[in-house]
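entry-v8.tsv follows (TSV, C-alpha atoms):
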chain	number	residue	atom	x	y	z
I	1	MET	CA	0.00	0.00	0.00
I	2	ALA	CA	1.33	3.43	-0.90
I	3	ASN	CA	2.51	5.79	1.84
I	4	ASP	CA	-0.08	8.59	1.62
I	5	SER	CA	2.12	10.95	3.64
I	6	LYS	CA	5.29	10.65	1.54
I	7	VAL	CA	6.12	13.80	-0.43
I	8	ILE	CA	8.23	13.87	-3.59
I	9	CYS	CA	9.38	16.91	-5.53
I	10	LEU	CA	10.25	16.40	-9.19
I	11	LEU	CA	12.59	19.31	-9.70
I	12	GLY	CA	12.75	21.43	-12.82
I	13	GLY	CA	11.14	19.18	-15.42
I	14	ARG	CA	9.62	20.18	-18.72
I	15	VAL	CA	5.92	19.69	-18.04
I	16	ILE	CA	3.72	18.84	-21.02
I	17	ASP	CA	0.04	18.72	-20.05
I	18	PRO	CA	-2.19	20.12	-22.83
I	19	ALA	CA	-5.33	19.41	-20.78
I	20	SER	CA	-4.32	22.13	-18.34
I	21	GLY	CA	-2.75	24.42	-20.92
I	22	GLN	CA	0.85	23.56	-20.05
I	23	ARG	CA	2.50	22.65	-23.33
I	24	ASP	CA	6.17	22.85	-22.34
I	25	VAL	CA	6.60	24.62	-19.02
I	26	LEU	CA	9.62	24.42	-16.76
I	27	ARG	CA	8.35	23.77	-13.24
I	28	ASP	CA	8.54	21.59	-10.17
I	29	VAL	CA	5.92	18.89	-9.67
I	30	TRP	CA	4.94	17.90	-6.13
I	31	ILE	CA	3.49	14.50	-5.32
I	32	LYS	CA	1.96	13.45	-2.01
I	33	GLY	CA	1.14	9.77	-1.71
I	34	GLU	CA	-0.24	8.87	-5.12
I	35	ARG	CA	-1.51	12.33	-6.10
I	36	ILE	CA	0.01	15.38	-7.72
I	37	VAL	CA	-0.67	18.30	-5.39
I	38	CYS	CA	-0.39	22.06	-5.42
I	39	PRO	CA	2.75	23.12	-3.52
I	40	GLN	CA	0.71	25.74	-1.67
I	41	SER	CA	-1.24	22.90	-0.02
I	42	LEU	CA	1.91	21.54	1.63
I	43	THR	CA	3.34	22.72	4.89
I	44	ASP	CA	6.90	23.98	5.10
I	45	ALA	CA	7.77	20.87	7.09
I	46	CYS	CA	6.43	18.62	4.31
I	47	LYS	CA	8.48	20.47	1.72
I	48	ALA	CA	11.60	20.35	3.83
I	49	SER	CA	11.34	16.58	4.33
I	50	ALA	CA	10.38	15.82	0.71
I	51	GLU	CA	12.43	13.51	-1.45
I	52	VAL	CA	13.80	15.66	-4.28
I	53	ILE	CA	14.43	14.09	-7.66
I	54	ASP	CA	16.28	16.23	-10.18
I	55	VAL	CA	14.49	15.87	-13.53
I	56	ARG	CA	15.99	18.83	-15.32
I	57	ASP	CA	16.48	17.99	-19.02
I	58	HIS	CA	13.62	15.50	-18.72
I	59	VAL	CA	10.02	15.66	-19.93
I	60	LEU	CA	7.18	15.17	-17.45
I	61	MET	CA	3.90	14.09	-19.00
I	62	ALA	CA	1.05	11.69	-18.51
I	63	CYS	CA	2.03	8.11	-19.25
I	64	GLY	CA	1.19	6.54	-22.58
I	65	ILE	CA	-1.60	3.98	-22.92
I	66	ASP	CA	-1.18	1.13	-25.41
I	67	LEU	CA	-4.66	-0.16	-26.23
I	68	HIS	CA	-3.44	-3.07	-28.37
I	69	THR	CA	-0.32	-4.98	-27.40
I	70	HIS	CA	0.22	-8.69	-26.87
I	71	ILE	CA	1.69	-8.89	-23.38
I	72	GLY	CA	-0.04	-11.92	-21.86
I	73	GLY	CA	-1.79	-15.15	-22.66
I	74	GLY	CA	-1.26	-18.63	-24.02
I	75	LYS	CA	0.36	-17.54	-27.25
I	76	LEU	CA	3.27	-15.89	-25.44
I	77	ALA	CA	3.64	-18.77	-23.01
I	78	LEU	CA	3.77	-21.24	-25.91
I	79	ALA	CA	6.26	-19.07	-27.79
I	80	ARG	CA	8.59	-18.97	-24.79
I	81	LEU	CA	8.20	-22.74	-24.37
I	82	LEU	CA	8.82	-23.59	-28.02
I	83	LEU	CA	11.64	-21.07	-28.55
I	84	PRO	CA	13.74	-21.16	-25.38
I	85	GLU	CA	16.81	-20.21	-27.41
I	86	SER	CA	15.19	-16.84	-28.10
I	87	ARG	CA	15.13	-15.86	-24.44
I	88	PRO	CA	15.97	-13.35	-23.20
I	89	SER	CA	15.64	-11.22	-26.29
I	90	GLU	CA	13.72	-8.35	-27.76
I	91	PHE	CA	11.54	-10.89	-29.57
I	92	LEU	CA	10.38	-12.93	-26.56
I	93	PRO	CA	11.12	-10.80	-23.51
I	94	SER	CA	10.32	-11.87	-19.98
I	95	THR	CA	7.54	-10.13	-18.09
I	96	TRP	CA	10.21	-8.20	-16.19
I	97	ALA	CA	11.89	-7.02	-19.40
I	98	THR	CA	8.52	-6.14	-20.95
I	99	GLY	CA	7.48	-3.93	-18.05
I	100	ASN	CA	10.80	-2.16	-17.91
I	101	ALA	CA	10.85	-1.58	-21.66
I	102	TYR	CA	7.40	-0.03	-21.57
I	103	ALA	CA	8.31	2.17	-18.62
I	104	GLY	CA	11.38	3.30	-20.50
I	105	MET	CA	9.19	4.37	-23.41
I	106	GLY	CA	6.90	6.34	-21.11
I	107	TYR	CA	3.97	3.92	-21.00
I	108	GLY	CA	1.99	3.25	-17.85
I	109	ALA	CA	-0.86	1.08	-19.13
I	110	ALA	CA	-1.13	-1.69	-21.70
I	111	PHE	CA	-4.00	-3.90	-22.81
I	112	GLU	CA	-3.83	-7.45	-24.12
I	113	PRO	CA	-6.29	-7.58	-27.04
I	114	ALA	CA	-6.69	-11.32	-27.57
I	115	MET	CA	-7.39	-13.15	-24.32
I	116	ILE	CA	-9.06	-16.53	-24.86
I	117	ALA	CA	-11.60	-17.21	-22.13
I	118	CYS	CA	-10.08	-20.55	-21.13
I	119	ASN	CA	-6.66	-18.87	-20.76
I	120	ALA	CA	-7.89	-15.87	-18.78
I	121	ARG	CA	-6.42	-16.91	-15.46
I	122	GLN	CA	-2.96	-17.41	-16.96
I	123	ALA	CA	-3.16	-14.18	-18.98
I	124	HIS	CA	-4.01	-12.14	-15.89
I	125	ALA	CA	-1.24	-13.85	-13.89
I	126	GLU	CA	1.28	-13.00	-16.59
I	127	MET	CA	0.13	-9.38	-16.83
I	128	ALA	CA	0.19	-9.06	-13.04
I	129	ASP	CA	3.81	-10.20	-13.12
I	130	THR	CA	4.68	-7.38	-15.57
I	131	PRO	CA	6.09	-4.49	-13.51
I	132	HIS	CA	5.24	-0.79	-13.79
I	133	LEU	CA	2.12	-1.27	-15.94
I	134	ASP	CA	-1.59	-1.11	-15.30
I	135	THR	CA	-3.03	-3.86	-17.49
I	136	GLY	CA	-6.29	-5.21	-18.85
I	137	ALA	CA	-7.50	-7.49	-21.60
I	138	TYR	CA	-10.21	-7.93	-24.22
I	139	VAL	CA	-11.78	-11.37	-24.29
I	140	LEU	CA	-12.07	-13.08	-27.67
I	141	LEU	CA	-15.59	-13.95	-28.77
I	142	GLY	CA	-17.12	-14.81	-32.13
I	143	ASN	CA	-16.03	-18.41	-32.69
I	144	GLU	CA	-17.49	-20.10	-29.62
I	145	THR	CA	-19.91	-22.99	-30.13
I	146	VAL	CA	-22.37	-21.57	-27.60
I	147	LEU	CA	-22.57	-18.19	-29.32
I	148	LEU	CA	-22.81	-19.64	-32.83
I	149	ARG	CA	-25.50	-22.09	-31.73
I	150	LEU	CA	-27.51	-19.32	-30.08
I	151	LEU	CA	-27.36	-17.25	-33.26
I	152	SER	CA	-28.27	-20.22	-35.45
I	153	GLU	CA	-31.32	-20.89	-33.29
I	154	GLY	CA	-32.47	-17.29	-33.50
I	155	ALA	CA	-31.91	-16.53	-29.84
I	156	PRO	CA	-33.08	-13.06	-28.76
I	157	GLN	CA	-30.50	-10.32	-28.38
I	158	SER	CA	-31.19	-10.22	-24.65
I	159	LEU	CA	-29.87	-13.80	-24.32
I	160	ILE	CA	-26.78	-12.92	-26.39
I	161	ASN	CA	-26.27	-9.95	-24.06
I	162	ASP	CA	-26.45	-12.21	-21.01
I	163	TYR	CA	-23.89	-14.58	-22.52
I	164	VAL	CA	-21.46	-11.76	-23.38
I	165	ALA	CA	-21.89	-10.14	-19.95
I	166	TRP	CA	-21.21	-13.46	-18.21
I	167	ILE	CA	-18.06	-14.12	-20.26
I	168	VAL	CA	-16.72	-10.61	-19.65
I	169	GLY	CA	-17.38	-10.90	-15.92
I	170	ALA	CA	-16.01	-14.43	-15.60
I	171	THR	CA	-12.76	-13.53	-17.40
I	172	GLN	CA	-12.41	-10.08	-15.78
I	173	ALA	CA	-12.08	-8.52	-19.24
I	174	VAL	CA	-12.46	-4.82	-20.02
I	175	GLY	CA	-13.74	-5.33	-23.55
I	176	VAL	CA	-14.62	-7.79	-26.29
I	177	LYS	CA	-12.68	-8.61	-29.43
I	178	VAL	CA	-13.70	-10.66	-32.46
I	179	VAL	CA	-11.22	-12.06	-34.99
I	180	ASN	CA	-12.36	-13.65	-38.25
I	181	ALA	CA	-15.90	-13.95	-36.92
I	182	GLY	CA	-17.14	-17.51	-37.35
I	183	GLY	CA	-14.26	-18.26	-39.70
I	184	ILE	CA	-11.98	-19.85	-37.13
I	185	ASP	CA	-14.69	-22.26	-36.01
I	186	ALA	CA	-15.45	-23.00	-39.67
I	187	PHE	CA	-12.02	-24.63	-40.01
I	188	LYS	CA	-13.38	-27.52	-37.93
I	189	PHE	CA	-15.88	-28.15	-40.74
I	190	ASN	CA	-13.41	-27.74	-43.62
I	191	GLY	CA	-14.44	-24.13	-44.20
I	192	ARG	CA	-11.35	-22.31	-45.42
I	193	ALA	CA	-12.72	-18.86	-46.23
I	194	MET	CA	-15.68	-16.88	-44.94
I	195	ASP	CA	-16.44	-13.42	-46.25
I	196	VAL	CA	-18.79	-11.13	-44.34
I	197	ASP	CA	-21.94	-12.66	-45.86
I	198	THR	CA	-20.76	-16.27	-46.22
I	199	PRO	CA	-22.85	-18.75	-44.19
I	200	HIS	CA	-20.99	-20.92	-41.69
I	201	PRO	CA	-20.78	-24.52	-43.02
I	202	ARG	CA	-22.24	-25.96	-39.80
I	203	TRP	CA	-24.26	-23.20	-38.14
I	204	GLY	CA	-25.43	-21.23	-41.16
I	205	VAL	CA	-24.73	-17.84	-39.59
I	206	THR	CA	-22.57	-15.25	-41.33
I	207	PRO	CA	-19.65	-13.22	-39.95
I	208	GLY	CA	-21.83	-10.14	-40.39
I	209	GLN	CA	-24.46	-11.61	-38.06
I	210	VAL	CA	-21.84	-12.45	-35.46
I	211	ILE	CA	-20.32	-8.96	-35.55
I	212	ARG	CA	-23.70	-7.20	-35.38
I	213	ALA	CA	-24.85	-9.35	-32.46
I	214	LEU	CA	-21.64	-8.78	-30.51
I	215	ALA	CA	-21.57	-5.04	-31.26
I	216	ALA	CA	-25.15	-4.74	-30.03
I	217	ALA	CA	-24.35	-6.76	-26.90
I	218	VAL	CA	-21.32	-4.65	-26.02
I	219	TYR	CA	-23.35	-1.47	-26.44
I	220	GLN	CA	-26.45	-2.67	-24.63
I	221	VAL	CA	-24.54	-4.25	-21.74
I	222	GLY	CA	-22.70	-0.96	-21.32
I	223	ILE	CA	-19.10	-2.09	-21.83
I	224	PRO	CA	-17.16	1.19	-22.27
I	225	HIS	CA	-14.74	-0.10	-24.92
I	226	PRO	CA	-16.50	-0.66	-28.26
I	227	LEU	CA	-16.27	-4.02	-30.01
I	228	HIS	CA	-12.73	-4.52	-31.28
I	229	VAL	CA	-12.96	-6.11	-34.74
I	230	HIS	CA	-10.39	-7.92	-36.85
I	231	CYS	CA	-11.77	-8.66	-40.28
I	232	SER	CA	-12.82	-11.89	-41.94
I	233	ASN	CA	-10.19	-14.36	-43.16
I	234	LEU	CA	-7.51	-12.82	-40.99
Kindly return the structure encoded in the file as structure tokens.
Amino acid sequence: MANDSKVICLLGGRVIDPASGQRDVLRDVWIKGERIVCPQSLTDACKASAEVIDVRDHVLMACGIDLHTHIGGGKLALARLLLPESRPSEFLPSTWATGNAYAGMGYGAAFEPAMIACNARQAHAEMADTPHLDTGAYVLLGNETVLLRLLSEGAPQSLINDYVAWIVGATQAVGVKVVNAGGIDAFKFNGRAMDVDTPHPRWGVTPGQVIRALAAAVYQVGIPHPLHVHCSNL
């Protein structure tokens, strides 16, 4: 737990904060606990005992947010398992190296965009082991037997919404992603290509139907991040 009484002074940085009209201003930044504070709100004793970090010749700005970066999940675990000779490297970095590299680039948050529901626990464990970053993930939907069966049976949108809400809650996702809607599942039935209006060889639903149903569910359930779509045949 953070020490709410600790005071830090970042001395002499170039502050870039367009939201408050500061687009390159030389100034000190005071932090108490986990919050940036106005120096006038601090007592002289607090200022005198503050930890001072000299950041002259450095830029101070809000951290970057990467909304689409593969930092956790089965695919990375398998890659590290199958290519041990590549570790440690820039191609298959450890969680420690990943977090430090992102911090070095000025990022403070990163989101895994392709978390499979059955791998959610491992994906979250891997992201939690990545230092310096706030993390989250979008759960993959669009090729699950349950969803495709519901659509093929003409299930009401309300039932689709319940299914999506349950998956998002169960996997602790922050959004939903669909890749090659219906087309990945079609491989099990020798379907090698599915354009937007091509019926699924087993379920008869089209990628367009899948995408519209998921987009409606995300909106109606109230998930803040809109449906993240990767196109057919990807």
Next item on the list: Can you work out which one of I:Val15, I:Val196, I:Ile36, I:Ala213 has the shortest atom-to-atom distance to Leu151 of chain I, counting all atoms listed in the file?
Entry: I:Ala213
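Going from atom CA of His200 of chain I over to atom CA of Ile184 of chain I, you cover 10.2 Å.
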Note to self: Env of Thr43 of chain I: 12 Å cut, atoms = only C-alpha atoms, seq-sep filter 5 positions within chain, self excluded. Answer as a VMD selection string.
What the structure shows: chain I and resid 5 7 32 37 to 38 48 to 50
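As for atom CA of Trp30 of chain I and atom CA of Leu10 of chain I, they are spaced 6.3 Å apart.
Rounded to one decimal, atom CA of Asn180 of chain I and atom CA of Asp195 of chain I lie 9.0 Å from each other.
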Checklist line | Selected residue of minimal separation from Arg121 of chain I among I:Gly73, I:Thr95, I:Val168, I:Pro156, counting all atoms listed in the file | finding: I:Gly73
Note to self: Just want the 10 Å neighbourhood of Ser152 of chain I, counted on all atoms listed in the file, with same-chain residues fewer than 3 positions away dropped. Output as a ChimeraX atom specification.
What the structure shows: /I:146-149,155,200,202-206,209
Note to self: I'd like the contact shell of Gly175 of chain I - 12 Å cut-off, only C-alpha atoms, skipping same-chain residues fewer than 6 positions apart - returned as a PyMOL selection string.
What the structure shows: chain I and resi 67-68+111-115+136-141+164-165+167-169+214-215+217-219+221-229
Note to self: So that I can check the surroundings of Gln122 of chain I, please list as JSON, numbers by chain every protein, DNA and RNA residue that reaches within 8 Å of it, counting all atoms listed in the file and ignoring chain neighbours fewer than 2 positions away.
What the structure shows: {"I": [72, 73, 74, 119, 120, 124, 125, 126]}
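With distances restricted to only C-alpha atoms, I:Cys9 is the closest residue to Leu42 of chain I from I:Met61, I:Ala19, I:Ile116, I:Cys9.
With distances taken over all atoms listed in the file, I:Glu144 is the one residue among I:Asp57, I:Asp134, I:Glu34, I:Glu144 lying closest to Cys118 of chain I.
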Next item on the list: List the neighbours of Met127 of chain I out to 7 Å using all atoms listed in the file; skip same-chain residues closer than 4 positions along the sequence, and give me the result as number ranges by chain.
Entry: I: 71-72, 123, 135
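Taking all atoms listed in the file into account, Gly64 of chain I lies nearest to I:Ala110 out of the set I:Val179, I:Ala110, I:Val174, I:Ala193.
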Where is the centre and how long are the edges: axis-aligned box on segment 107-112 of chain I, 3 Å on each side, Å to one decimal, as JSON:
{"center_x": 0.0, "center_y": -1.8, "center_z": -21.0, "size_x": 14.0, "size_y": 17.4, "size_z": 12.3}
